[in-house]
Amino acid sequence: MRIGLVSQWYPPEVPALVPSTWARGLAARGHDVHVITGVPNYPSGRVYDGYAVKPYRKEYDHDVTVHRGFLYPSHDSNPVRRMTNYLSFSAGGTIASMCAPKPDVWLTNGTPATAAVPALLNRSLRRGAHAMVIQDLWPESVTQSGFLGNRAGRVANATLGAYCNAMYRNTDAIGVISPGMRNVLVERGIDPSKIHYTPNSVPDDHLLPDAPSSAVNRTELGLPSGLLFMYAGNLGRMQNLHSLVAAFRGVPEAQLALVGSGVAEPELRELSRGATNITFIERQDLGTIGKYIAASDVQVVSLSDTPLLRVTMPSKFQACLAASRPVLVHAAGDIANIAEHEQVGIHASPTDIASASNSIREFTTMSASTLSAMGKRARALYALTYSPVVGIERLESLISAAVNRRDKRATNTND
């Protein structure tokens, strides 16, 4: 099929592993894939070298055709600028989508929810099917982010809630990335037959899963010796890293490396002042991050404890599994349940610092063989459930479900 994949983020933006895995994987299966995306600017909010904010730009990524539309580059904590970034892509992406050939089906990477606008408009104007994988539940992602005050939050909840309900009604197949997300949508009145479990998959070609941490020279990377826990990713407020840092301060025998950047970084550095077991490393690209991850003994996933985040599964979790490392899940909900049920990690309370310190301390009592066995189980779970091969098969099923529902809708209309 010809597939129009809409994603606000796409390489060279580093966090765009999921949409690029989809696009390249679908193209490898023989589909004609056209990506609708924006000007690369995440996570700094600055336009990448070699790019400029223009109405339209066409380029190629392997066998994938990429159509870039304009947007307002921003990724800071100002709610007006952040929403301007999202809405401007809705407009710029729509224009770029009109420059692409008409697909058989549109596939939206649903983060933010406004990214669905180009596909929804095309579904109406050009009568294509629409499938969407929801990465973040809106309006909660906005109203629970802490960016908005009470009054603005109420307005956003009503406005975005109405938009999301309309979006779900006009989407032919909806993919959810965690088990709990399905329950939330059903409670909102979404037709259960539309909803399909479609967890994210991530590639592992940038990782070194077979390399033990002892094989990496930590000194060259600026990393400490000892049992090393590593969080690699966005240093934002939703990641609850303040509590994570506080918990590690209570376990000086465990080392924590925070690799990345984000709006919470200055506060985290101040909170870590005087601690000898917390190290900050600047954000790394895909060419180097694998070596840093391989240097760790335990990978860390951290999220705030909110109803929204209990039913999400960030692709970071799959990346940790792919790295063949045990996982400290400093979060609640689906990922904590999966980690403990599959015996690939330990749950640390995101709300109780003393309890989280005890969970960290539990890792320090484990033998090297126990840690290795846990890492091997993590890798096996990744291969069975979250690898790109498995992920693309699920994605094709979602796309087929959308096309079938579209065809059924057309038949009923003609009748």
# chains A, B, ... in the order shown; residues from 1 in each chain; ligands from 1
$ residues_around --residues "Ala356 of chain A" --least-positions-apart "3" --cutoff "10 Å" --atoms "only C-alpha atoms" --output "list in words"
Ser243, Leu244, Ala246, Ala247, Phe248, Gly250, Val251, Leu328, Val329, His330, Ile346, His347, Ala348, Ser349, Pro350, Thr351, Asp352, Ile353, Ser359, Ile360, Arg361 and Glu362 of chain A
$ select_by_dssp --residues "segment 282-393 of chain A" --states "alpha helix (DSSP H)" --output "short mmCIF file (atom, residue, chain, number, x, y, z; two decimals) with C-alpha atoms, in the first residue's frame"
data_model
loop_
_atom_site.label_atom_id
_atom_site.label_comp_id
_atom_site.auth_asym_id
_atom_site.auth_seq_id
_atom_site.Cartn_x
_atom_site.Cartn_y
_atom_site.Cartn_z
CA LEU A 286 22.69 7.74 18.18
CA GLY A 287 26.30 7.28 17.14
CA THR A 288 27.56 7.49 20.72
CA ILE A 289 24.67 6.74 23.10
CA GLY A 290 25.03 2.97 22.68
CA LYS A 291 28.47 3.01 24.24
CA TYR A 292 27.21 4.97 27.25
CA ILE A 293 24.29 2.59 27.76
CA ALA A 294 26.64 -0.39 27.47
CA PRO A 307 -3.34 8.52 36.28
CA LEU A 308 -2.14 9.45 32.80
CA LEU A 309 1.39 8.11 33.15
CA ARG A 310 0.28 4.89 34.81
CA SER A 315 9.72 3.71 24.15
CA LYS A 316 12.61 4.23 26.57
CA PHE A 317 11.39 1.08 28.35
CA GLN A 318 11.80 -1.00 25.18
CA ALA A 319 15.23 0.52 24.59
CA CYS A 320 16.31 -0.50 28.10
CA LEU A 321 15.18 -4.06 27.44
CA ALA A 322 16.95 -4.09 24.07
CA ASP A 334 1.82 -0.71 33.33
CA ILE A 335 5.59 -0.61 32.95
CA ALA A 336 6.17 -1.36 36.64
CA ASN A 337 3.79 -4.32 36.42
CA ILE A 338 5.46 -5.67 33.28
CA ALA A 339 8.98 -5.27 34.66
CA GLU A 340 8.21 -7.20 37.85
CA HIS A 341 5.98 -9.83 36.23
CA ILE A 353 11.80 8.53 48.39
CA ALA A 354 12.80 6.23 51.25
CA SER A 355 11.11 3.26 49.58
CA ALA A 356 12.77 4.11 46.27
CA SER A 357 16.14 4.20 48.02
CA ASN A 358 15.46 0.69 49.33
CA SER A 359 14.72 -0.53 45.80
CA ILE A 360 17.97 0.97 44.56
CA ARG A 361 19.78 -0.63 47.47
CA GLU A 362 18.29 -4.00 46.52
CA PHE A 363 20.22 -3.85 43.26
CA THR A 364 23.47 -3.21 45.14
CA ALA A 368 26.99 -10.01 38.94
CA SER A 369 25.43 -13.27 37.73
CA THR A 370 22.00 -12.24 39.03
CA LEU A 371 22.21 -8.89 37.28
CA SER A 372 23.34 -10.62 34.08
CA ALA A 373 20.45 -13.10 34.20
CA MET A 374 17.97 -10.26 34.66
CA GLY A 375 19.49 -8.45 31.69
CA LYS A 376 19.23 -11.56 29.52
CA ARG A 377 15.53 -11.89 30.39
CA ALA A 378 15.10 -8.25 29.41
CA ARG A 379 16.70 -8.89 26.04
CA ALA A 380 14.54 -11.99 25.46
CA LEU A 381 11.38 -10.01 26.26
CA PRO A 388 10.99 -4.00 15.04
CA VAL A 389 10.02 -7.21 13.23
CA VAL A 390 7.18 -7.88 15.68
CA GLY A 391 6.27 -4.19 15.78
CA ILE A 392 5.92 -3.85 12.01
CA GLU A 393 3.64 -6.89 11.88
#
$ closest_residue --among "A:Pro266, A:Gly25, A:Pro314, A:Pro12" --to "Leu241 of chain A" --atoms "only C-alpha atoms"
A:Pro266
$ closest_atom_pairs --of "segment 147-239 of chain A" --to "segment 116-127 of chain A" --cutoff "8 Å" --atoms "only C-alpha atoms" --output "CSV"
residue,atom,partner,partner_atom,distance
A:Met167,CA,A:Leu120,CA,7.5
A:Asn170,CA,A:Leu120,CA,7.2
A:Thr171,CA,A:Leu120,CA,7.6
$ write_last_selection --atoms "all heavy atoms" --output "short mmCIF file (atom, residue, chain, number, x, y, z; two decimals), in the first residue's frame"
data_model
loop_
_atom_site.label_atom_id
_atom_site.label_comp_id
_atom_site.auth_asym_id
_atom_site.auth_seq_id
_atom_site.Cartn_x
_atom_site.Cartn_y
_atom_site.Cartn_z
N MET A 167 -11.54 13.49 17.09
CA MET A 167 -10.43 12.79 16.44
C MET A 167 -10.64 11.28 16.51
O MET A 167 -10.46 10.56 15.51
CB MET A 167 -9.11 13.17 17.13
CG MET A 167 -7.89 12.40 16.67
SD MET A 167 -6.42 12.89 17.59
CE MET A 167 -6.82 12.28 19.25
N ASN A 170 -13.33 10.02 14.15
CA ASN A 170 -12.97 10.08 12.73
C ASN A 170 -11.69 9.31 12.41
O ASN A 170 -11.10 9.51 11.34
CB ASN A 170 -12.84 11.54 12.30
CG ASN A 170 -14.17 12.25 12.23
OD1 ASN A 170 -14.93 12.06 11.30
ND2 ASN A 170 -14.47 13.05 13.25
N THR A 171 -11.28 8.45 13.31
CA THR A 171 -10.13 7.58 13.07
C THR A 171 -10.65 6.15 12.93
O THR A 171 -11.46 5.69 13.71
CB THR A 171 -9.13 7.68 14.23
OG1 THR A 171 -8.60 9.01 14.28
CG2 THR A 171 -7.97 6.71 14.04
#
$ residues_around --residues "Asp76 of chain A" --least-positions-apart "2" --cutoff "9 Å" --atoms "only C-alpha atoms" --output "ChimeraX atom specification"
/A:43-45,74,78-79,81-82,262-263
$ write_last_selection --atoms "all heavy atoms" --output "short mmCIF file (atom, residue, chain, number, x, y, z; two decimals), in the first residue's frame"
data_model
loop_
_atom_site.label_atom_id
_atom_site.label_comp_id
_atom_site.auth_asym_id
_atom_site.auth_seq_id
_atom_site.Cartn_x
_atom_site.Cartn_y
_atom_site.Cartn_z
N PRO A 43 15.41 18.30 20.75
CA PRO A 43 14.67 18.86 21.89
C PRO A 43 15.08 20.28 22.26
O PRO A 43 14.53 20.83 23.21
CB PRO A 43 15.07 17.90 23.01
CG PRO A 43 16.49 17.57 22.70
CD PRO A 43 16.58 17.51 21.20
N SER A 44 16.01 20.87 21.55
CA SER A 44 16.52 22.19 21.96
C SER A 44 15.56 23.32 21.58
O SER A 44 15.64 24.41 22.16
CB SER A 44 17.89 22.43 21.31
OG SER A 44 17.75 22.54 19.90
N GLY A 45 14.69 23.08 20.60
CA GLY A 45 13.85 24.15 20.09
C GLY A 45 14.56 25.01 19.07
O GLY A 45 14.01 26.00 18.58
N SER A 74 10.13 25.38 18.83
CA SER A 74 10.15 25.68 20.26
C SER A 74 9.97 24.38 21.02
O SER A 74 9.24 23.49 20.58
CB SER A 74 9.05 26.66 20.64
OG SER A 74 9.03 26.88 22.04
N ASN A 78 7.27 27.32 28.23
CA ASN A 78 6.24 28.33 28.03
C ASN A 78 5.05 27.71 27.29
O ASN A 78 5.20 27.23 26.17
CB ASN A 78 6.80 29.50 27.22
CG ASN A 78 5.78 30.61 27.03
OD1 ASN A 78 4.89 30.50 26.20
ND2 ASN A 78 5.92 31.67 27.80
N PRO A 79 3.86 27.69 27.90
CA PRO A 79 2.72 27.00 27.28
C PRO A 79 2.29 27.62 25.96
O PRO A 79 1.84 26.89 25.06
CB PRO A 79 1.62 27.10 28.34
CG PRO A 79 2.00 28.26 29.20
CD PRO A 79 3.50 28.29 29.21
N ARG A 81 4.22 29.22 23.70
CA ARG A 81 5.17 28.83 22.65
C ARG A 81 5.05 27.34 22.32
O ARG A 81 5.15 26.94 21.15
CB ARG A 81 6.60 29.18 23.06
CG ARG A 81 6.88 30.68 23.02
CD ARG A 81 8.37 30.96 23.12
NE ARG A 81 8.91 30.65 24.42
CZ ARG A 81 8.99 31.53 25.43
NH1 ARG A 81 8.55 32.76 25.27
NH2 ARG A 81 9.51 31.18 26.60
N ARG A 82 4.84 26.51 23.35
CA ARG A 82 4.72 25.08 23.10
C ARG A 82 3.48 24.78 22.25
O ARG A 82 3.54 24.00 21.30
CB ARG A 82 4.63 24.33 24.44
CG ARG A 82 4.58 22.80 24.31
CD ARG A 82 5.91 22.22 23.90
NE ARG A 82 6.91 22.38 24.94
CZ ARG A 82 7.11 21.50 25.93
NH1 ARG A 82 6.38 20.41 25.99
NH2 ARG A 82 8.05 21.69 26.82
N GLY A 262 17.29 19.02 29.15
CA GLY A 262 15.88 19.32 29.27
C GLY A 262 15.63 20.47 30.22
O GLY A 262 16.55 21.00 30.86
N VAL A 263 14.37 20.87 30.33
CA VAL A 263 14.03 22.07 31.09
C VAL A 263 14.30 21.92 32.59
O VAL A 263 14.48 22.92 33.29
CB VAL A 263 12.55 22.45 30.88
CG1 VAL A 263 12.29 22.81 29.44
CG2 VAL A 263 11.62 21.32 31.32
#
$ closest_residue --among "A:Thr385, A:Val47, A:Thr21, A:Met238" --to "Ala331 of chain A" --atoms "only C-alpha atoms"
A:Met238
$ residues_around --residues "Val300 of chain A" --least-positions-apart "5" --cutoff "6 Å" --atoms "only C-alpha atoms" --output "list of chain:residue names"
A:Met230, A:Tyr231, A:Val327, A:Leu328
$ write_last_selection --atoms "N, CA and C atoms" --output "PDB file, in the first residue's frame"
ATOM      1  N   MET A 230      21.811   4.248  34.997  1.00  0.00           N
ATOM      2  CA  MET A 230      21.829   5.301  33.992  1.00  0.00           C
ATOM      3  C   MET A 230      20.422   5.627  33.513  1.00  0.00           C
ATOM      4  N   TYR A 231      20.103   6.909  33.566  1.00  0.00           N
ATOM      5  CA  TYR A 231      18.911   7.441  32.914  1.00  0.00           C
ATOM      6  C   TYR A 231      19.395   8.217  31.695  1.00  0.00           C
ATOM      7  N   VAL A 327      16.282  -3.237  34.632  1.00  0.00           N
ATOM      8  CA  VAL A 327      15.643  -1.934  34.601  1.00  0.00           C
ATOM      9  C   VAL A 327      15.144  -1.547  35.990  1.00  0.00           C
ATOM     10  N   LEU A 328      15.535  -0.358  36.438  1.00  0.00           N
ATOM     11  CA  LEU A 328      14.932   0.247  37.619  1.00  0.00           C
ATOM     12  C   LEU A 328      13.758   1.080  37.118  1.00  0.00           C
TER      13      LEU A 328
END
$ residues_around --residues "Pro209 of chain A" --least-positions-apart "2" --cutoff "6 Å" --atoms "only C-alpha atoms" --output "PyMOL selection string"
chain A and resi 207+211+323-324
$ write_last_selection --atoms "N, CA and C atoms" --output "PDB file, in the first residue's frame"
ATOM      1  N   LEU A 207      22.783   0.005  19.746  1.00  0.00           N
ATOM      2  CA  LEU A 207      23.104  -0.520  21.075  1.00  0.00           C
ATOM      3  C   LEU A 207      24.173  -1.603  20.999  1.00  0.00           C
ATOM      4  N   ALA A 211      27.777  -6.512  24.994  1.00  0.00           N
ATOM      5  CA  ALA A 211      28.971  -6.013  25.683  1.00  0.00           C
ATOM      6  C   ALA A 211      28.698  -5.867  27.175  1.00  0.00           C
ATOM      7  N   ALA A 323      18.792  -3.200  25.378  1.00  0.00           N
ATOM      8  CA  ALA A 323      20.197  -3.048  25.768  1.00  0.00           C
ATOM      9  C   ALA A 323      20.699  -4.207  26.607  1.00  0.00           C
ATOM     10  N   SER A 324      19.790  -5.139  26.961  1.00  0.00           N
ATOM     11  CA  SER A 324      20.153  -6.303  27.772  1.00  0.00           C
ATOM     12  C   SER A 324      20.656  -5.887  29.153  1.00  0.00           C
TER      13      SER A 324
END
$ residues_around --residues "Val298 of chain A" --least-positions-apart "2" --cutoff "6 Å" --atoms "only C-alpha atoms" --output "number ranges by chain"
A: 229, 296, 325-327
$ write_last_selection --atoms "N, CA, C and O atoms" --output "JSON list (two decimals), in the first residue's frame"
[["chain", "number", "residue", "atom", "x", "y", "z"],
["A", 229, "PHE", "N", 23.91, 3.08, 37.59],
["A", 229, "PHE", "CA", 22.56, 3.22, 37.08],
["A", 229, "PHE", "C", 22.58, 4.38, 36.08],
["A", 229, "PHE", "O", 23.24, 5.38, 36.31],
["A", 296, "SER", "N", 26.64, 0.96, 31.47],
["A", 296, "SER", "CA", 25.81, 0.92, 32.67],
["A", 296, "SER", "C", 25.57, -0.51, 33.12],
["A", 296, "SER", "O", 25.64, -1.47, 32.33],
["A", 325, "ARG", "N", 19.91, -4.96, 29.74],
["A", 325, "ARG", "CA", 20.25, -4.48, 31.08],
["A", 325, "ARG", "C", 19.03, -4.58, 31.99],
["A", 325, "ARG", "O", 17.91, -4.39, 31.53],
["A", 326, "PRO", "N", 19.22, -4.88, 33.27],
["A", 326, "PRO", "CA", 18.10, -4.80, 34.22],
["A", 326, "PRO", "C", 17.55, -3.38, 34.23],
["A", 326, "PRO", "O", 18.26, -2.42, 33.92],
["A", 327, "VAL", "N", 16.28, -3.24, 34.63],
["A", 327, "VAL", "CA", 15.64, -1.93, 34.60],
["A", 327, "VAL", "C", 15.14, -1.55, 35.99],
["A", 327, "VAL", "O", 14.44, -2.32, 36.64]]
$ select_by_dssp --residues "segment 11-160 of chain A" --states "strand (DSSP E)" --output "PyMOL selection string"
chain A and resi 32-37+56-61+64-69+105-110+129-134
$ residues_around --residues "Thr219 of chain A" --least-positions-apart "5" --cutoff "12 Å" --atoms "only C-alpha atoms" --output "MDAnalysis selection string"
chainID A and resid 214 224:226 292 295
$ closest_residue --among "A:Ala158, A:Leu398, A:Ala96, A:Val64" --to "Ala28 of chain A" --atoms "only C-alpha atoms"
A:Val64
$ closest_residue --among "A:Leu395, A:Ala129, A:Arg283, A:Asp297" --to "Ser213 of chain A" --atoms "only C-alpha atoms"
A:Asp297
$ closest_residue --among "A:Ile278, A:Val33, A:Val39, A:Ala52" --to "Thr65 of chain A" --atoms "only C-alpha atoms"
A:Val33
